[in-house]
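Engineer: What follows is the file data.txt, containing compact mmCIF, C-alpha atoms:
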# COMPACT_ATOMS: atom_id res chain seq x y z
CA MET N 150 -35.19 -52.09 30.23
CA ASN N 151 -38.64 -51.50 28.75
CA LYS N 152 -41.55 -50.61 30.99
CA LEU N 153 -44.18 -53.27 31.57
CA VAL N 154 -47.81 -52.63 30.62
CA SER N 155 -50.43 -54.90 32.20
CA ILE N 156 -53.63 -55.25 30.19
CA VAL N 157 -56.72 -56.44 32.05
CA ILE N 158 -59.54 -57.93 30.00
CA PRO N 159 -62.75 -59.28 31.60
CA ALA N 160 -64.37 -62.05 29.57
CA TYR N 161 -67.88 -63.43 29.87
CA ASN N 162 -68.91 -65.82 27.09
CA GLU N 163 -66.29 -64.41 24.72
CA ALA N 164 -64.82 -67.65 23.33
CA ASP N 165 -64.70 -66.35 19.75
CA ASN N 166 -63.00 -63.09 20.73
CA ILE N 167 -60.05 -64.29 22.83
CA PHE N 168 -57.60 -65.01 20.03
CA VAL N 169 -58.60 -61.92 18.04
CA ILE N 170 -58.14 -59.41 20.88
CA ALA N 171 -54.86 -60.99 22.02
CA GLU N 172 -53.38 -60.99 18.53
CA SER N 173 -54.51 -57.40 17.93
CA ILE N 174 -52.75 -56.28 21.12
CA LYS N 175 -49.65 -58.24 20.12
CA LYS N 176 -49.61 -56.46 16.77
CA VAL N 177 -49.83 -53.04 18.45
CA PHE N 178 -46.98 -53.76 20.87
CA SER N 179 -44.74 -54.98 18.06
CA THR N 180 -44.52 -51.34 16.94
CA ILE N 181 -43.70 -49.72 20.34
CA ASN N 182 -40.94 -50.17 22.90
CA TYR N 183 -42.89 -51.61 25.79
CA ASP N 184 -43.18 -55.04 27.33
CA TYR N 185 -46.70 -56.20 28.01
CA GLU N 186 -48.75 -58.89 29.67
CA ILE N 187 -52.43 -59.73 29.26
CA ILE N 188 -54.54 -60.78 32.23
CA LEU N 189 -57.81 -62.34 31.10
CA VAL N 190 -60.49 -62.70 33.77
CA ASP N 191 -63.07 -65.39 33.04
CA ASP N 192 -66.22 -64.14 34.76
CA GLY N 193 -67.98 -67.48 35.12
CA SER N 194 -68.50 -68.02 31.40
CA ALA N 195 -70.96 -70.69 30.27
CA ASP N 196 -69.25 -71.31 26.92
CA HIS N 197 -65.69 -72.36 26.05
CA THR N 198 -64.08 -69.04 26.98
CA LEU N 199 -61.85 -70.52 29.69
CA GLU N 200 -60.68 -73.37 27.45
CA LYS N 201 -59.75 -70.88 24.73
CA ILE N 202 -57.86 -68.74 27.25
CA LYS N 203 -55.91 -71.71 28.63
CA GLU N 204 -55.14 -72.94 25.13
CA TYR N 205 -53.76 -69.56 24.12
CA ALA N 206 -51.88 -69.10 27.42
CA SER N 207 -50.13 -72.46 27.00
CA THR N 208 -48.43 -71.19 23.85
CA THR N 209 -47.64 -67.61 24.94
CA TYR N 210 -45.47 -66.62 27.90
CA ASN N 211 -47.19 -63.33 28.71
CA ILE N 212 -50.84 -64.47 28.76
CA PHE N 213 -52.31 -64.99 32.23
CA PHE N 214 -55.79 -65.81 33.43
CA LEU N 215 -58.02 -65.68 36.48
CA GLU N 216 -61.02 -68.00 36.62
CA PHE N 217 -63.92 -66.90 38.81
CA SER N 218 -65.89 -69.58 40.65
CA LYS N 219 -69.07 -68.01 39.25
CA ASN N 220 -70.26 -64.85 37.52
CA PHE N 221 -69.43 -61.89 39.77
CA GLY N 222 -69.97 -59.17 37.18
CA HIS N 223 -67.93 -56.98 34.86
CA GLN N 224 -66.82 -54.40 37.43
CA LEU N 225 -65.47 -56.98 39.88
CA ALA N 226 -63.75 -58.80 37.02
CA VAL N 227 -61.87 -55.60 36.15
CA LYS N 228 -61.09 -55.06 39.85
CA ALA N 229 -59.72 -58.60 40.19
CA GLY N 230 -57.49 -58.11 37.18
CA MET N 231 -56.12 -54.86 38.62
CA ASP N 232 -55.53 -56.56 41.97
CA HIS N 233 -53.18 -58.97 40.18
CA ALA N 234 -51.59 -56.51 37.75
CA PHE N 235 -48.18 -55.15 38.72
CA GLY N 236 -46.99 -53.51 35.53
CA ASP N 237 -45.77 -49.91 35.51
CA CYS N 238 -49.24 -49.04 34.25
CA VAL N 239 -52.46 -51.00 33.82
CA ILE N 240 -54.87 -50.77 30.90
CA SER N 241 -58.40 -52.18 31.19
CA MET N 242 -60.43 -52.92 28.09
CA ASP N 243 -63.29 -55.11 26.90
CA CYS N 244 -62.85 -58.33 25.00
CA ASP N 245 -65.21 -57.64 22.10
CA MET N 246 -62.88 -55.36 20.08
CA GLN N 247 -65.11 -52.31 20.56
CA HIS N 248 -62.23 -50.79 22.52
CA PRO N 249 -59.69 -50.43 19.70
CA PRO N 250 -56.19 -51.64 20.68
CA GLU N 251 -54.81 -49.12 18.16
CA LEU N 252 -55.55 -46.44 20.77
CA ILE N 253 -53.02 -47.90 23.23
CA PRO N 254 -49.93 -46.05 21.88
CA GLN N 255 -51.74 -42.70 22.27
CA MET N 256 -52.71 -43.62 25.83
CA LEU N 257 -49.13 -44.58 26.65
CA GLN N 258 -47.87 -41.32 25.16
CA LYS N 259 -50.13 -39.31 27.48
CA TRP N 260 -48.97 -41.46 30.39
CA GLN N 261 -45.35 -40.69 29.53
CA GLU N 262 -46.26 -37.00 29.50
CA GLY N 263 -47.16 -37.29 33.17
CA PHE N 264 -50.88 -38.14 33.23
CA GLU N 265 -51.61 -40.80 35.85
CA VAL N 266 -55.09 -41.58 34.54
CA VAL N 267 -55.84 -41.70 30.82
CA TYR N 268 -59.49 -42.53 30.24
CA THR N 269 -61.54 -42.71 27.08
CA ILE N 270 -64.85 -41.20 25.98
CA ARG N 271 -66.84 -43.09 23.39
CA GLU N 272 -68.33 -41.04 20.57
CA GLU N 273 -71.99 -41.79 19.89
CA ASP N 274 -72.35 -44.78 17.59
CA LYS N 275 -74.96 -43.93 14.96
CA ASN N 276 -75.32 -47.63 14.14
CA LEU N 277 -76.80 -48.39 17.57
CA SER N 278 -80.54 -48.50 17.97
CA LYS N 279 -82.33 -45.38 19.13
CA GLY N 280 -83.35 -47.18 22.32
CA LYS N 281 -79.73 -48.10 23.14
CA ARG N 282 -78.52 -44.54 22.54
CA SER N 283 -81.37 -43.11 24.60
CA SER N 284 -80.74 -45.47 27.51
CA SER N 285 -77.03 -44.60 27.48
CA SER N 286 -77.79 -40.86 27.48
CA LEU N 287 -80.34 -41.30 30.27
CA PHE N 288 -77.78 -43.26 32.27
CA TYR N 289 -75.26 -40.41 32.37
CA LYS N 290 -77.87 -37.69 32.90
CA THR N 291 -79.42 -39.54 35.83
CA LEU N 292 -76.04 -40.34 37.34
CA ASN N 293 -74.74 -36.77 37.13
CA TRP N 294 -78.00 -35.30 38.43
CA LEU N 295 -78.29 -37.52 41.48
CA SER N 296 -74.65 -38.12 42.40
CA ASP N 297 -71.70 -36.00 43.47
CA ILE N 298 -69.51 -36.92 40.51
CA ASP N 299 -69.50 -35.58 36.96
CA LEU N 300 -69.07 -38.23 34.30
CA GLU N 301 -68.82 -37.24 30.67
CA PRO N 302 -71.40 -38.98 28.44
CA GLY N 303 -69.69 -41.92 26.80
CA ALA N 304 -67.07 -42.46 29.51
CA ALA N 305 -65.86 -46.03 29.05
CA ASP N 306 -64.07 -48.71 31.04
CA PHE N 307 -61.22 -48.46 28.52
CA ARG N 308 -58.59 -46.64 30.56
CA LEU N 309 -54.95 -46.51 31.60
CA LEU N 310 -53.97 -46.20 35.27
CA ASP N 311 -50.52 -45.60 36.63
CA GLN N 312 -49.39 -48.25 39.11
CA LYS N 313 -49.64 -45.74 41.96
CA VAL N 314 -53.35 -45.35 41.16
CA VAL N 315 -53.83 -49.12 40.92
CA SER N 316 -52.18 -49.50 44.33
CA VAL N 317 -54.90 -47.24 45.76
CA PHE N 318 -57.58 -49.32 44.03
CA ARG N 319 -56.32 -52.46 45.75
CA ASN N 320 -57.30 -50.93 49.08
CA PHE N 321 -60.95 -50.63 48.00
CA HIS N 322 -63.19 -53.49 49.09
CA GLU N 323 -66.62 -52.36 47.96
CA ASN N 324 -68.84 -55.29 47.07
CA GLU N 325 -70.45 -53.33 44.24
CA PRO N 326 -67.73 -51.03 42.88
CA PHE N 327 -68.56 -48.47 40.22
CA LEU N 328 -65.13 -48.07 38.64
CA ARG N 329 -65.92 -45.12 36.35
CA GLY N 330 -67.06 -43.11 39.34
CA LEU N 331 -64.14 -44.23 41.51
CA VAL N 332 -61.65 -43.14 38.85
CA LYS N 333 -63.15 -39.64 38.79
CA TRP N 334 -63.38 -39.53 42.59
CA LEU N 335 -59.72 -40.49 43.05
CA GLY N 336 -58.38 -37.39 41.39
CA PHE N 337 -54.77 -37.59 40.20
CA LYS N 338 -53.73 -36.03 36.91
CA GLN N 339 -56.25 -37.15 34.29
CA PHE N 340 -56.61 -36.87 30.53
CA ALA N 341 -59.52 -37.91 28.29
CA ILE N 342 -59.21 -39.34 24.79
CA ARG N 343 -62.22 -39.53 22.49
CA TYR N 344 -62.61 -42.49 20.19
CA ASN N 345 -65.06 -44.07 17.78
CA PRO N 346 -66.06 -47.57 18.91
CA ALA N 347 -65.24 -50.37 16.53
CA ALA N 348 -67.78 -52.98 15.54
CA ARG N 349 -68.18 -55.88 17.96
CA PHE N 350 -66.25 -58.84 16.51
CA SER N 351 -68.48 -61.61 17.86
CA GLY N 352 -71.35 -62.11 20.28
CA ASN N 353 -73.89 -59.74 21.75
CA SER N 354 -73.65 -56.84 24.19
CA LYS N 355 -73.96 -57.91 27.83
CA TYR N 356 -75.29 -54.50 28.91
CA THR N 357 -79.07 -54.67 28.64
CA PHE N 358 -81.32 -51.78 29.71
CA LYS N 359 -81.90 -53.57 33.02
CA LYS N 360 -78.15 -53.83 33.66
CA MET N 361 -77.64 -50.18 32.68
CA LEU N 362 -80.33 -49.17 35.18
CA ARG N 363 -78.76 -51.34 37.87
CA LEU N 364 -75.34 -49.84 37.16
CA ALA N 365 -76.81 -46.33 37.40
CA LEU N 366 -78.34 -47.17 40.80
CA HIS N 367 -74.99 -48.52 41.99
CA GLY N 368 -73.27 -45.36 40.78
CA VAL N 369 -75.72 -43.01 42.47
CA THR N 370 -75.88 -44.86 45.79
CA SER N 371 -72.10 -45.30 45.89
CA PHE N 372 -71.28 -41.61 45.59
CA SER N 373 -74.21 -39.63 46.91
CA ILE N 374 -77.03 -39.45 49.44
CA LYS N 375 -78.97 -36.98 47.29
CA PRO N 376 -81.83 -39.47 46.75
CA LEU N 377 -82.42 -39.49 50.52
CA TYR N 378 -82.53 -35.69 50.59
CA SER N 379 -84.83 -35.74 47.55
CA ALA N 380 -87.23 -38.02 49.42
CA VAL N 381 -87.29 -35.57 52.36
CA TYR N 382 -87.90 -32.57 50.09
CA LEU N 383 -90.66 -34.43 48.26
CA GLY N 384 -92.30 -35.23 51.60
CA PHE N 385 -92.28 -31.56 52.59
CA ILE N 386 -93.72 -30.48 49.23
CA LEU N 387 -96.56 -32.98 49.36
CA SER N 388 -97.30 -32.15 52.99
CA PHE N 389 -97.54 -28.46 52.07
CA ALA N 390 -99.76 -29.30 49.11
CA SER N 391 -102.11 -31.24 51.37
CA VAL N 392 -102.47 -28.16 53.63
CA LEU N 393 -103.84 -26.25 50.64
CA TYR N 394 -106.72 -28.72 50.57
CA ILE N 395 -107.95 -27.61 54.05
CA PRO N 396 -109.90 -24.50 52.83
CA TYR N 397 -111.93 -26.70 50.50
CA ILE N 398 -112.76 -29.11 53.33
CA ILE N 399 -113.95 -26.19 55.52
CA TYR N 400 -116.01 -24.80 52.66
CA ALA N 401 -117.63 -28.17 52.02
CA PHE N 402 -118.41 -28.63 55.74
CA VAL N 403 -119.97 -25.15 56.19
CA ASN N 404 -122.07 -25.28 53.03
CA HIS N 405 -123.06 -28.95 53.43
CA VAL N 406 -121.59 -29.75 50.06
CA GLU N 407 -121.49 -33.48 49.56
CA VAL N 408 -117.94 -34.71 49.13
CA SER N 409 -118.10 -37.55 46.64
CA GLY N 410 -115.74 -39.29 44.31
CA TRP N 411 -114.42 -42.61 45.53
CA ALA N 412 -112.31 -42.92 42.38
CA SER N 413 -110.33 -39.78 43.22
CA VAL N 414 -109.91 -40.95 46.82
CA ILE N 415 -108.62 -44.36 45.76
CA MET N 416 -106.32 -42.70 43.21
CA THR N 417 -104.89 -40.46 45.92
CA ILE N 418 -104.35 -43.40 48.25
CA VAL N 419 -102.64 -45.42 45.54
CA PHE N 420 -100.47 -42.44 44.57
CA PHE N 421 -99.24 -41.78 48.08
CA GLY N 422 -98.90 -45.49 48.78
CA GLY N 423 -96.70 -45.89 45.73
CA LEU N 424 -94.70 -42.81 46.70
CA GLN N 425 -94.08 -44.23 50.15
CA LEU N 426 -92.90 -47.51 48.65
CA ILE N 427 -90.47 -45.63 46.38
CA ILE N 428 -89.04 -43.69 49.32
CA LEU N 429 -88.79 -46.86 51.40
CA GLY N 430 -87.10 -48.52 48.44
CA ILE N 431 -84.49 -45.74 48.26
CA ILE N 432 -83.77 -46.11 51.96
CA GLY N 433 -83.74 -49.89 51.55
CA ILE N 434 -81.08 -49.75 48.86
CA TYR N 435 -78.72 -47.84 51.16
CA VAL N 436 -79.46 -50.12 54.12
CA GLY N 437 -79.01 -53.18 51.90
CA LYS N 438 -75.63 -51.96 50.66
CA MET N 439 -74.49 -51.45 54.26
CA PHE N 440 -75.83 -54.89 55.22
CA MET N 441 -73.93 -56.64 52.41
CA GLN N 442 -70.76 -54.66 53.09
CA THR N 443 -70.74 -55.48 56.81
CA LYS N 444 -70.76 -59.21 56.04
CA ASN N 445 -67.17 -58.73 54.85
CA ARG N 446 -67.40 -61.57 52.35
CA PRO N 447 -64.77 -61.74 49.60
CA ASN N 448 -65.88 -59.68 46.62
CA TYR N 449 -64.86 -62.45 44.22
CA ILE N 450 -63.54 -65.99 44.40
CA ILE N 451 -60.77 -67.21 42.12
CA ARG N 452 -61.16 -70.88 41.20
CA SER N 453 -57.91 -71.20 39.28
CA THR N 454 -55.10 -69.06 37.84
CA ASN N 455 -51.69 -69.34 36.26
CA ILE N 456 -50.40 -66.18 37.95
CA GLN N 457 -47.65 -66.78 40.45
CA GLN N 458 -48.21 -65.15 43.84
CA LYS N 459 -46.31 -61.85 44.04
Using structure tokens, write down the structure from this file.
Structural biologist:
Amino acid sequence: MNKLVSIVIPAYNEADNIFVIAESIKKVFSTINYDYEIILVDDGSADHTLEKIKEYASTTYNIFFLEFSKNFGHQLAVKAGMDHAFGDCVISMDCDMQHPPELIPQMLQKWQEGFEVVYTIREEDKNLSKGKRSSSSLFYKTLNWLSDIDLEPGAADFRLLDQKVVSVFRNFHENEPFLRGLVKWLGFKQFAIRYNPAARFSGNSKYTFKKMLRLALHGVTSFSIKPLYSAVYLGFILSFASVLYIPYIIYAFVNHVEVSGWASVIMTIVFFGGLQLIILGIIGIYVGKMFMQTKNRPNYIIRSTNIQQK
């Protein structure tokens, strides 16, 4: 009996990509001795993505879907798919064809060799704009500097997890999971495969600079309290620097030197006021994450599905 591979694909406004990605995966599995199923997670799409998924699923026995009640985000869409995937291993990949299905046999080979996590590292795409490449590089540098995990630049959400690893993931109930970091944090026997991203088949990238920055903040605050320590260290440094200003004040007082310069005073006040707001913001992020987590709300809501309860 062939082993079953569950493939989880989050989809947000990907109506034109559904058929293409599913047929590409079908073509790959026609050449290897594995059974497979595809679990498509509609993340509150505003186009005809869900209709396309249902249309394709009605004609194919191994196509399943989860429909979110609204947009909960890419990371929770992947998490939902893994929560409902019970194959011997689970592969997560994007819907836009930038994660080449042709890489799946190599990932399965490494899995058969005993690796429980096979993740991918995207080579730098020279066709991307300089701003996009710079923001991606800044994302990983910031994350590695401020957090307690070490992610390779280009680490992608295209990965294979053994079912034992997925079973551990099901016990996580973080409302803002950072899956790339969690995979590294889990341990297990891991192997990295480098790949060149294919061209996006249709649509535009959903990861804007704002979303990349938000994801970086989630990653840092999920795995480290270094920003809090940094705020303390910065406070000590600035306090020490202010002490160095005392000799000048004494000199000015003794020699009746007029202390003028409202502009410099206002600048100093604005600087320290802004610094205080930044530090309060860092603390606020951590407190906010705890506040949202303690509400114990469901991380996602499934409106409809064709998956039978297991």
Engineer: Check the smallest atom-to-atom distance from each of N:Glu325, N:Glu301, N:Asp232, N:Glu251 to Lys175 in chain N using only C-alpha atoms, then report the winner.
Structural biologist: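 Closest to Lys175 in chain N of all the choices is N:Glu251.
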Engineer: Figure out the distance between CA of Lys152 in chain N and CA of Tyr344 in chain N, please, to one decimal in Å.
Structural biologist: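 Atom-to-atom, CA of Tyr344 in chain N to CA of Lys152 in chain N, that is 25.0 Å.
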Engineer: What does the structure give for the distance between CA of Ile431 in chain N and CA of Asn320 in chain N, in Å to one decimal?
Structural biologist: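 About the pair CA of Ile431 in chain N and CA of Asn320 in chain N: they are 27.7 Å apart.
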Engineer: Taking all atoms listed in the file into account, name the residue in N:Ser218, N:Ser173, N:Ser316, N:Asn445 that is nearest to Pro250 in chain N.
Structural biologist: N:Ser173
Engineer: Kindly give the distance, in Å, that separates CA of Phe214 in chain N and CA of Asn448 in chain N, rounded to a single decimal.
Structural biologist: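 Atom-to-atom, CA of Phe214 in chain N to CA of Asn448 in chain N, that is 17.7 Å.
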Engineer: Which polymer residues have any atom within 9 Å of an atom of Asp191 in chain N, counting all atoms listed in the file, with same-chain residues fewer than 6 positions away left out, as a ChimeraX atom specification?
Structural biologist: /N:158-163,198-199,202,214-217,220,226
Engineer: Given the choices N:Ala304, N:Ile432, N:Val239, N:Ala171, which gets closest to Gly330 in chain N if the distance is worked out from all atoms listed in the file?
Structural biologist: N:Ala304
Engineer: Measuring atom to atom with all atoms listed in the file, identify which of N:Arg343, N:Phe213, N:Glu272, N:Gln258 is nearest to Asn182 in chain N.
Structural biologist: N:Gln258
Engineer: Using only C-alpha atoms, find the one residue out of N:Ser194, N:Asn151, N:Thr180, N:Asn211 that sits nearest to Ala164 in chain N.
Structural biologist: N:Ser194
Engineer: Given the choices N:Ile187, N:Leu309, N:Ile456, N:Leu252, which gets closest to Val157 in chain N if the distance is worked out from all atoms listed in the file?
Structural biologist: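 When distances to Val157 in chain N are compared using all atoms listed in the file, the smallest one comes from N:Ile187.
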